[in-house]
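Here is the file upload-v7.cif (mmCIF, C-alpha atoms).
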data_final
#
loop_
_atom_site.label_atom_id
_atom_site.label_comp_id
_atom_site.auth_asym_id
_atom_site.auth_seq_id
_atom_site.Cartn_x
_atom_site.Cartn_y
_atom_site.Cartn_z
CA MET A 29 134.50 92.62 122.59
CA LYS A 30 132.89 94.35 119.65
CA ILE A 31 130.05 92.72 117.78
CA ASP A 32 130.02 92.67 113.98
CA CYS A 33 127.24 95.13 113.24
CA ILE A 34 124.59 97.30 114.89
CA ILE A 35 121.59 98.63 113.01
CA ARG A 36 120.60 101.68 115.03
CA ASN A 37 117.52 103.88 115.36
CA GLY A 38 115.27 101.86 113.04
CA HIS A 39 111.57 101.26 113.62
CA VAL A 40 111.63 97.51 114.31
CA VAL A 41 108.51 95.49 113.53
CA ASP A 42 108.85 91.86 114.61
CA PRO A 43 105.53 90.09 115.28
CA SER A 44 107.31 87.02 116.68
CA GLN A 45 108.31 89.17 119.67
CA LYS A 46 105.39 91.62 119.49
CA ILE A 47 107.89 94.42 118.85
CA ASP A 48 106.74 97.59 117.09
CA ASP A 49 109.15 100.27 118.28
CA VAL A 50 112.41 102.11 117.60
CA MET A 51 115.35 100.03 118.81
CA ASP A 52 118.76 98.66 117.85
CA ILE A 53 119.49 95.26 116.30
CA GLY A 54 122.90 93.60 116.62
CA ILE A 55 124.63 90.88 114.62
CA LYS A 56 127.51 88.70 115.74
CA ASN A 57 128.92 85.65 113.96
CA GLY A 58 126.00 85.67 111.54
CA LEU A 59 123.33 85.61 114.24
CA ILE A 60 121.10 88.20 115.89
CA THR A 61 122.54 89.28 119.23
CA LYS A 62 121.51 91.52 122.11
CA THR A 63 122.72 95.10 122.25
CA GLY A 64 122.95 97.70 124.98
CA PRO A 65 123.67 101.41 125.21
CA ASP A 66 127.41 100.75 125.45
CA THR A 67 127.65 98.02 122.80
CA GLU A 68 130.33 98.69 120.18
CA ALA A 69 130.45 97.23 116.69
CA VAL A 70 132.84 96.94 113.77
CA ARG A 71 130.13 98.36 111.48
CA MET A 72 127.37 100.80 112.34
CA VAL A 73 124.21 101.28 110.26
CA ASP A 74 121.99 104.28 110.90
CA ALA A 75 118.43 103.23 110.01
CA GLU A 76 116.73 106.35 111.34
CA GLY A 77 113.51 106.96 109.45
CA CYS A 78 113.43 103.38 108.18
CA TYR A 79 111.61 100.19 109.08
CA VAL A 80 113.65 97.19 110.17
CA PHE A 81 111.94 93.83 109.57
CA PRO A 82 113.07 90.24 109.85
CA GLY A 83 114.27 89.09 106.44
CA LEU A 84 111.18 88.60 104.28
CA ILE A 85 110.01 85.14 103.23
CA ASP A 86 108.29 84.67 99.86
CA PHE A 87 106.37 81.45 100.44
CA HIS A 88 105.13 80.91 96.87
CA THR A 89 107.73 81.32 94.13
CA HIS A 90 109.00 79.56 91.01
CA ILE A 91 112.78 79.74 91.14
CA TYR A 92 114.05 76.59 89.38
CA HIS A 93 115.65 78.88 86.82
CA THR A 94 118.09 76.30 85.43
CA GLY A 95 115.33 73.82 84.60
CA SER A 96 112.19 75.84 83.94
CA THR A 97 111.73 78.69 81.47
CA MET A 98 109.00 80.19 83.66
CA SER A 99 111.23 80.57 86.73
CA VAL A 100 113.09 83.49 88.30
CA ASN A 101 116.70 83.36 89.42
CA PRO A 102 116.57 83.47 93.26
CA ALA A 103 119.64 85.73 93.21
CA PHE A 104 117.23 88.52 92.20
CA LEU A 105 115.25 88.31 95.45
CA PRO A 106 117.58 89.90 98.06
CA ALA A 107 117.17 93.26 96.32
CA THR A 108 113.50 93.09 97.36
CA GLY A 109 114.24 92.29 101.02
CA VAL A 110 113.61 88.55 100.58
CA THR A 111 116.06 86.30 102.41
CA SER A 112 114.16 82.98 102.23
CA ALA A 113 111.68 81.46 99.80
CA VAL A 114 109.61 78.39 99.02
CA ASP A 115 109.42 77.03 95.50
CA SER A 116 105.85 75.92 94.91
CA GLY A 117 106.13 72.79 92.82
CA THR A 118 108.27 73.81 89.85
CA ALA A 119 110.12 70.48 90.08
CA GLY A 120 108.70 66.96 90.20
CA PHE A 121 110.39 63.71 91.17
CA CYS A 122 112.15 63.50 87.76
CA ASN A 123 114.12 66.69 88.18
CA PHE A 124 114.10 67.55 91.89
CA ARG A 125 117.70 66.39 92.38
CA SER A 126 118.79 68.81 89.65
CA PHE A 127 116.82 71.61 91.31
CA TYR A 128 118.25 70.80 94.73
CA GLU A 129 121.89 70.53 93.67
CA GLY A 130 121.87 73.25 91.01
CA VAL A 131 119.71 75.92 92.65
CA ILE A 132 118.81 75.27 96.29
CA MET A 133 122.35 74.43 97.40
CA THR A 134 123.94 77.34 95.52
CA ALA A 135 121.39 80.13 95.98
CA PRO A 136 122.18 83.17 98.15
CA ILE A 137 118.86 82.74 99.99
CA ARG A 138 117.37 79.90 102.02
CA ILE A 139 114.97 77.75 99.94
CA LYS A 140 112.47 75.02 100.74
CA SER A 141 110.10 73.33 98.33
CA TYR A 142 106.83 71.69 97.47
CA LEU A 143 107.20 68.72 95.12
CA ASN A 144 104.93 68.69 92.07
CA MET A 145 102.66 65.63 91.90
CA TYR A 146 103.40 65.43 88.17
CA GLY A 147 106.82 63.92 87.60
CA SER A 148 108.20 66.58 85.28
CA GLY A 149 106.91 69.54 87.28
CA GLN A 150 106.53 72.82 85.36
CA PRO A 151 109.34 73.06 82.77
CA ASP A 152 107.53 75.55 80.50
CA MET A 153 104.23 77.41 80.15
CA SER A 154 103.48 75.39 77.00
CA LEU A 155 103.95 72.06 78.79
CA PRO A 156 101.23 71.93 81.48
CA GLU A 157 101.13 69.17 84.05
CA LYS A 158 98.81 66.16 83.78
CA PHE A 159 97.19 65.76 87.18
CA ALA A 160 95.54 62.35 86.99
CA PRO A 161 96.29 59.30 89.14
CA SER A 162 97.34 57.39 86.01
CA GLU A 163 100.19 59.90 85.63
CA PHE A 164 101.30 59.82 89.28
CA ARG A 165 104.23 57.68 90.46
CA PRO A 166 103.84 57.26 94.24
CA THR A 167 106.89 54.99 94.61
CA CYS A 168 109.17 57.48 92.81
CA ILE A 169 107.67 60.37 94.78
CA ALA A 170 108.28 58.54 98.06
CA LYS A 171 111.95 57.94 97.20
CA VAL A 172 112.55 61.63 96.47
CA VAL A 173 110.67 62.77 99.57
CA GLU A 174 112.69 60.44 101.80
CA THR A 175 115.96 61.61 100.24
CA TYR A 176 115.13 65.30 100.62
CA ARG A 177 112.77 65.24 103.58
CA ASP A 178 114.53 68.16 105.25
CA ASN A 179 113.68 70.33 102.26
CA ILE A 180 110.35 69.12 100.86
CA LEU A 181 107.37 70.53 102.76
CA GLY A 182 104.62 68.76 100.84
CA MET A 183 102.99 67.89 97.52
CA LYS A 184 101.72 70.52 95.08
CA ILE A 185 98.76 70.13 92.72
CA ARG A 186 97.33 72.71 90.35
CA TYR A 187 93.68 71.80 90.75
CA THR A 188 92.48 73.56 87.61
CA LYS A 189 90.07 72.65 84.84
CA GLY A 190 91.85 71.09 81.90
CA ILE A 191 94.93 69.90 83.74
CA ALA A 192 93.49 68.11 86.80
CA SER A 193 90.99 65.26 86.68
CA PRO A 194 87.96 66.32 88.74
CA ASP A 195 87.17 63.03 90.41
CA ASP A 196 90.31 61.73 92.04
CA SER A 197 93.46 63.78 91.40
CA LEU A 198 93.20 65.89 94.56
CA GLN A 199 92.12 62.95 96.68
CA GLU A 200 95.12 60.94 95.47
CA THR A 201 97.46 63.84 96.13
CA VAL A 202 96.18 64.11 99.69
CA ARG A 203 96.43 60.34 100.17
CA VAL A 204 100.06 60.21 99.01
CA ALA A 205 101.01 63.18 101.15
CA ARG A 206 99.38 61.71 104.25
CA GLU A 207 101.18 58.39 103.77
CA LEU A 208 104.49 60.25 103.53
CA GLY A 209 103.74 62.44 106.55
CA ILE A 210 103.92 65.72 104.61
CA HIS A 211 101.45 68.45 103.70
CA VAL A 212 99.58 69.53 100.58
CA CYS A 213 99.58 72.83 98.68
CA VAL A 214 96.57 73.25 96.37
CA HIS A 215 96.30 75.74 93.51
CA THR A 216 92.60 76.65 93.56
CA THR A 217 92.14 78.92 90.53
CA ASN A 218 89.30 77.78 88.20
CA PRO A 219 88.82 74.43 89.97
CA PRO A 220 87.17 71.44 88.25
CA THR A 221 84.96 70.77 91.30
CA SER A 222 83.46 72.74 94.18
CA LEU A 223 85.87 74.69 96.36
CA ASN A 224 83.79 73.54 99.33
CA GLY A 225 85.00 70.03 98.55
CA VAL A 226 88.58 71.22 98.13
CA ALA A 227 88.56 72.90 101.53
CA ALA A 228 87.00 69.83 103.16
CA LEU A 229 89.94 67.64 102.10
CA LEU A 230 92.57 69.86 103.69
CA GLY A 231 93.90 69.71 107.23
CA ARG A 232 96.27 71.53 109.57
CA ASP A 233 99.13 73.29 107.76
CA ASP A 234 97.93 72.26 104.32
CA VAL A 235 98.00 75.34 102.08
CA TYR A 236 95.01 76.69 100.16
CA CYS A 237 96.78 78.99 97.74
CA HIS A 238 95.37 81.77 95.53
CA MET A 239 92.67 82.39 98.13
CA TYR A 240 91.46 85.57 96.41
CA GLN A 241 91.25 84.16 92.87
CA GLY A 242 88.18 85.02 90.84
CA VAL A 243 88.38 82.86 87.70
CA GLY A 244 85.39 80.65 86.96
CA GLU A 245 82.16 80.36 88.88
CA ASP A 246 83.52 79.35 92.29
CA THR A 247 85.50 81.47 94.78
CA ILE A 248 85.78 81.74 98.57
CA LEU A 249 82.68 83.97 98.51
CA ASP A 250 79.12 82.67 98.44
CA GLN A 251 76.90 84.06 95.72
CA PRO A 252 74.93 86.24 95.55
CA ASP A 253 75.44 87.54 99.11
CA GLY A 254 79.24 87.85 98.89
CA LYS A 255 79.86 86.33 102.32
CA VAL A 256 82.95 84.23 102.95
CA LYS A 257 81.89 80.60 102.68
CA GLU A 258 81.41 78.74 105.91
CA SER A 259 83.55 75.92 104.48
CA MET A 260 86.50 78.33 104.33
CA ARG A 261 86.02 79.52 107.89
CA LYS A 262 85.77 75.92 109.11
CA ALA A 263 88.92 75.03 107.19
CA ARG A 264 90.76 77.88 108.89
CA GLU A 265 89.50 76.65 112.27
CA ARG A 266 91.04 73.24 111.44
CA GLY A 267 94.39 74.93 110.80
CA VAL A 268 94.35 75.15 106.99
CA ILE A 269 96.68 77.93 105.81
CA PHE A 270 95.32 80.50 103.36
CA ASP A 271 97.93 82.01 101.03
CA SER A 272 97.25 85.03 98.81
CA ALA A 273 99.82 83.89 96.18
CA SER A 274 98.70 86.72 93.95
CA GLY A 275 100.48 86.04 90.66
CA LYS A 276 98.82 87.36 87.52
CA THR A 277 95.80 85.12 86.95
CA ASN A 278 95.18 84.29 90.61
CA PHE A 279 93.94 87.49 92.22
CA SER A 280 90.70 89.48 92.10
CA PHE A 281 89.97 92.71 93.96
CA ASP A 282 86.26 91.82 93.77
CA VAL A 283 87.03 88.80 95.96
CA ALA A 284 89.85 90.17 98.11
CA LEU A 285 88.26 93.44 99.25
CA PRO A 286 84.95 91.95 100.50
CA ALA A 287 86.79 89.04 102.17
CA ILE A 288 89.22 91.35 103.98
CA ARG A 289 86.38 93.61 105.09
CA GLN A 290 84.83 90.49 106.65
CA GLY A 291 88.08 89.76 108.49
CA PHE A 292 89.19 86.89 106.25
CA LEU A 293 92.85 87.89 106.02
CA PRO A 294 95.67 85.92 104.41
CA ASP A 295 97.82 83.81 106.69
CA ILE A 296 100.57 84.23 104.09
CA ILE A 297 101.25 86.98 101.54
CA SER A 298 103.33 85.73 98.61
CA THR A 299 104.03 86.66 95.00
CA ASP A 300 103.78 83.46 92.92
CA CYS A 301 106.61 85.11 91.01
CA THR A 302 107.54 83.87 87.57
CA CYS A 303 109.71 85.44 84.88
CA ASP A 304 106.77 87.27 83.26
CA LYS A 305 105.84 89.07 86.51
CA MET A 306 108.91 89.63 88.68
CA ASN A 307 109.89 93.33 88.56
CA LEU A 308 107.65 93.85 85.53
CA SER A 309 103.93 94.01 86.14
CA ALA A 310 101.39 95.73 88.35
CA HIS A 311 100.03 92.28 89.20
CA ALA A 312 102.84 90.99 91.42
CA LYS A 313 105.94 93.09 90.90
CA ASN A 314 107.64 91.95 94.11
CA LEU A 315 106.81 91.10 97.69
CA PRO A 316 107.10 94.64 99.18
CA TYR A 317 104.78 95.87 96.40
CA LEU A 318 102.14 93.36 97.51
CA MET A 319 102.69 94.20 101.17
CA VAL A 320 101.70 97.80 100.44
CA ARG A 321 98.61 96.55 98.58
CA PHE A 322 97.42 94.62 101.61
CA LEU A 323 98.14 97.54 103.92
CA LYS A 324 95.91 99.74 101.77
CA MET A 325 93.21 97.04 101.71
CA GLY A 326 92.99 97.21 105.49
CA MET A 327 95.58 94.96 107.11
CA SER A 328 97.76 96.30 109.93
CA LEU A 329 101.52 96.51 109.47
CA PRO A 330 102.23 93.83 112.13
CA ASP A 331 99.73 91.47 110.44
CA VAL A 332 101.35 92.03 107.06
CA ILE A 333 104.85 91.45 108.46
CA CYS A 334 103.66 88.29 110.23
CA ALA A 335 102.35 86.99 106.90
CA VAL A 336 105.78 87.38 105.28
CA THR A 337 107.96 86.32 108.23
CA GLU A 338 106.69 84.46 111.28
CA THR A 339 103.97 82.30 109.71
CA PRO A 340 105.97 81.10 106.69
CA ALA A 341 108.98 80.44 108.93
CA ARG A 342 106.89 78.08 111.06
CA LEU A 343 105.56 76.23 108.01
CA MET A 344 109.13 75.86 106.74
CA GLY A 345 110.11 74.20 110.03
CA MET A 346 112.46 77.09 110.79
CA GLU A 347 110.56 78.91 113.52
CA GLY A 348 112.94 80.84 115.76
CA ARG A 349 115.72 80.71 113.15
CA ILE A 350 114.26 82.83 110.34
CA GLY A 351 111.33 85.25 110.22
CA THR A 352 112.35 86.71 113.57
CA LEU A 353 114.84 89.11 115.13
CA LYS A 354 115.15 87.13 118.36
CA PRO A 355 118.70 86.74 119.69
CA GLY A 356 120.17 83.52 118.31
CA ALA A 357 118.21 83.62 115.03
CA PHE A 358 120.01 83.83 111.70
CA GLY A 359 121.08 87.39 110.94
CA ASP A 360 118.46 87.87 108.20
CA ILE A 361 117.25 91.49 108.18
CA ALA A 362 115.42 93.74 105.73
CA VAL A 363 115.58 97.53 106.04
CA PHE A 364 112.92 99.57 104.21
CA LYS A 365 112.10 103.22 103.71
CA GLU A 366 108.45 104.16 103.30
CA ILE A 367 108.01 106.87 100.66
CA SER A 368 105.00 108.73 99.31
CA GLN A 369 104.49 107.63 95.73
CA ASN A 370 101.39 106.59 93.83
CA ALA A 371 101.23 103.11 92.32
CA THR A 372 98.53 101.37 90.31
CA HIS A 373 97.87 97.71 91.10
CA GLN A 374 95.98 95.46 88.71
CA ASP A 375 94.19 92.14 88.99
CA PHE A 376 93.59 89.48 86.34
CA PHE A 377 90.39 91.14 85.16
CA GLY A 378 91.97 94.55 84.60
CA THR A 379 90.50 96.10 87.74
CA THR A 380 92.88 98.68 89.18
CA PHE A 381 93.61 99.70 92.76
CA GLU A 382 95.59 102.74 93.79
CA THR A 383 98.10 103.02 96.61
CA GLU A 384 99.92 106.13 97.77
CA LYS A 385 103.03 104.66 99.39
CA LEU A 386 105.87 102.33 98.53
CA LEU A 387 108.19 100.28 100.72
CA VAL A 388 111.63 100.75 99.14
CA PRO A 389 114.38 98.27 100.14
CA GLN A 390 117.45 99.99 101.62
CA MET A 391 119.49 97.04 102.82
CA THR A 392 119.16 93.26 102.99
CA VAL A 393 121.29 91.19 105.35
CA ILE A 394 121.51 87.39 105.02
CA GLY A 395 123.30 85.43 107.72
CA GLY A 396 125.05 88.61 108.84
CA ASP A 397 126.34 89.48 105.36
CA ILE A 398 125.07 92.53 103.48
CA ALA A 399 123.50 91.05 100.34
CA PHE A 400 122.03 94.29 99.01
CA CYS A 401 122.35 97.99 99.76
CA GLN A 402 120.88 101.04 98.04
CA GLY A 403 123.46 103.43 96.68
CA ASP A 404 122.32 106.28 98.93
CA PHE A 405 121.98 104.23 102.13
CA ALA A 406 124.94 105.05 104.35
CA LEU A 407 127.03 102.49 106.23
CA THR A 408 129.88 103.36 108.58
#
Target format structure tokens, applied to this file:
Amino acid sequence: MKIDCIIRNGHVVDPSQKIDDVMDIGIKNGLITKTGPDTEAVRMVDAEGCYVFPGLIDFHTHIYHTGSTMSVNPAFLPATGVTSAVDSGTAGFCNFRSFYEGVIMTAPIRIKSYLNMYGSGQPDMSLPEKFAPSEFRPTCIAKVVETYRDNILGMKIRYTKGIASPDDSLQETVRVARELGIHVCVHTTNPPTSLNGVAALLGRDDVYCHMYQGVGEDTILDQPDGKVKESMRKARERGVIFDSASGKTNFSFDVALPAIRQGFLPDIISTDCTCDKMNLSAHAKNLPYLMVRFLKMGMSLPDVICAVTETPARLMGMEGRIGTLKPGAFGDIAVFKEISQNATHQDFFGTTFETEKLLVPQMTVIGGDIAFCQGDFALT
């Protein structure tokens, strides 16, 4: 019996199986399946000269587009090779049901979420959250988490001067999350207290996001020697996850380059995409754009692919189903062509960084269905 599709001759990179070689990938009934030299298919795709990755996962996005003016429509993401995403706290307990029913359940990609500790979440750039225990509603949060436990990964707090109380907002966020048996995602840009203290509060699979931010006086680097802080290394040893979550205001080359040279790589590479960045800026245009940035900064291709597939899949509780090309996984696949083309990347401070290559999406497959295909990419 024929299978549905074979993607032939592509250079497959799948860290979950330690594959980095030219081989064929098959799809049957929406799932990855084994192929052999004699396997026939209804549709053949010739990916010669292209990379074939598991469908990419953007672990830090803002995609509650029907309830937040800062958000991106998740329907835009398959054209960048993204087949799954995590919304990082755009919705709070007041509006999570609307987000779930109106966006998560209808989106063409797979979505999981962090719940904002502030009840209204992030409806607009001009309406910042109020992260203080007096504003938190643990009983309401608990009800929403229990209702949507299969989707909500943890609690999100933007631990930033001016919107988070320095004494107890993070501690209360961690306390509530621990009581509910979920994790914490902490925005660390321009923190109101020491980042050493922030790191000390986090445990296994909590997410320290914007790891390479450079706003304010405190970063992951000690001053003046520029070494990665011991508190950060100890946090990583405890299983804390470090996410690049570049965004616009949350990334500095003066922090990232020294840290990467010291071997302090991101566990996750993500965009922190919002409507003022997605497809527009040199800060965080899209996920493949950032992947090339990290390749140029010194990461290997398998490490970069792991940071946008295998690791986020595990944190989403979907290990073995997404972020992998193992037989039996969902048929989520991203095909890319690497081309020679200069690009200028920029951080929040205006520092630029040049790359000489781009990863250009050719085809995105979600659950066995072709969700995107370049006009000059041939299918038979």
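Running the PyMOL selection byres ((chain A and resi 35) around 8) on this file leaves Cys33, Ile34, Arg36, Asn37, Gly38, Asp52, Ile53, Gly54, Met72, Val73, Asp74 and Ala75 of chain A selected.
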Shell around Ser280 of chain A at 12 Å using all atoms listed in the file, local window under 5 positions removed, as a VMD selection string: chain A and resid 217 238 to 244 247 to 249 272 to 275 285 to 287 311 373 to 381
Test item: the PyMOL selection byres ((chain A and resi 361) around 7) resolved as JSON, numbers by chain: {"A": [81, 82, 83, 359, 360, 362, 363, 392, 393, 394]}
For the residues in that selection, give me C-alpha atoms as a short mmCIF file (atom, residue, chain, number, x, y, z; two decimals), keeping the file's coordinate frame.
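Below is the file that was written, result-v9.cif:
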data_model
loop_
_atom_site.label_atom_id
_atom_site.label_comp_id
_atom_site.auth_asym_id
_atom_site.auth_seq_id
_atom_site.Cartn_x
_atom_site.Cartn_y
_atom_site.Cartn_z
CA PHE A 81 111.94 93.83 109.57
CA PRO A 82 113.07 90.24 109.85
CA GLY A 83 114.27 89.09 106.44
CA GLY A 359 121.08 87.39 110.94
CA ASP A 360 118.46 87.87 108.20
CA ALA A 362 115.42 93.74 105.73
CA VAL A 363 115.58 97.53 106.04
CA THR A 392 119.16 93.26 102.99
CA VAL A 393 121.29 91.19 105.35
CA ILE A 394 121.51 87.39 105.02
#
Between atom CA of Leu329 of chain A and atom CA of Thr277 of chain A, what is the spacing in Å?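 Separation of atom CA of Thr277 of chain A and atom CA of Leu329 of chain A: 25.9 Å.
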Cut-off 8 Å: closest segment 62-173 of chain A/segment 181-199 of chain A atom pairs per residue, using all atoms listed in the file, as a tab-separated table:
residue	atom	partner	partner_atom	distance
A:Ser116	CA	A:Lys184	CA	6.8
A:Gly117	CA	A:Lys184	CA	5.5
A:Lys140	CA	A:Leu181	CA	7.1
A:Ser141	CA	A:Leu181	CA	5.9
A:Tyr142	CA	A:Gly182	CA	5.0
A:Leu143	CA	A:Met183	CA	4.9
A:Asn144	CA	A:Lys184	CA	4.8
A:Met145	CA	A:Lys184	CA	5.9
A:Pro156	CA	A:Ile191	CA	7.0
A:Glu157	CA	A:Ile191	CA	6.3
A:Lys158	CA	A:Ile191	CA	5.4
A:Phe159	CA	A:Ala192	CA	4.4
A:Ala160	CA	A:Ser197	CA	5.1
A:Pro161	CA	A:Ser197	CA	5.8
Measure the distance from atom CA of Thr372 of chain A to atom CA of Ala310 of chain A in Å and round it to one decimal.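 Between atom CA of Thr372 of chain A and atom CA of Ala310 of chain A the gap is 6.6 Å.
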For the interface of segment 200-308 of chain A with segment 102-107 of chain A (cut-off 12 Å, counting all atoms listed in the file), please tabulate each contacting residue of segment 200-308 of chain A alongside its nearest pair of atoms and their separation in Å to one decimal, rows sorted by chain and increasing number, as a tab-separated table.
residue	atom	partner	partner_atom	distance
A:Thr299	CA	A:Leu105	CA	11.3
A:Cys301	CA	A:Leu105	CA	10.2
A:Thr302	CA	A:Pro102	CA	10.7
A:Cys303	CA	A:Phe104	CA	10.9
A:Met306	CA	A:Phe104	CA	9.1
A:Asn307	CA	A:Phe104	CA	9.5
Taking the file above as input, evaluate the PyMOL selection byres ((chain A and resi 263-269) around 6) and report the hits as a VMD selection string. chain A and resid 231 to 235 260 to 262 270
Edge lengths and centre in Å to one decimal, as lines of an AutoDock Vina configuration file, is what I'm after for the box along x, y and z that holds all listed atoms of segment 210-219 of chain A once 4 Å is added on each side.
center_x = 96.4
center_y = 72.3
center_z = 96.4
size_x = 23.1
size_y = 21.2
size_z = 24.4
If we count only C-alpha atoms and set the cut-off at 9 Å, which residues sit around Gly225 of chain A, ignoring sequence neighbours fewer than 4 positions away in its own chain? Please answer as a PyMOL selection string. chain A and resi 221+229+259
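For Ile137 of chain A, the residues within 7 Å (counting all atoms listed in the file, excluding itself and residues fewer than 2 positions away along the chain) are Thr111, Ser112, Ala135 and Ile139 of chain A.
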Atom CA of Ile210 of chain A and atom CA of Leu84 of chain A are how many Å apart?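 Distance between the two atoms: 24.0 Å.
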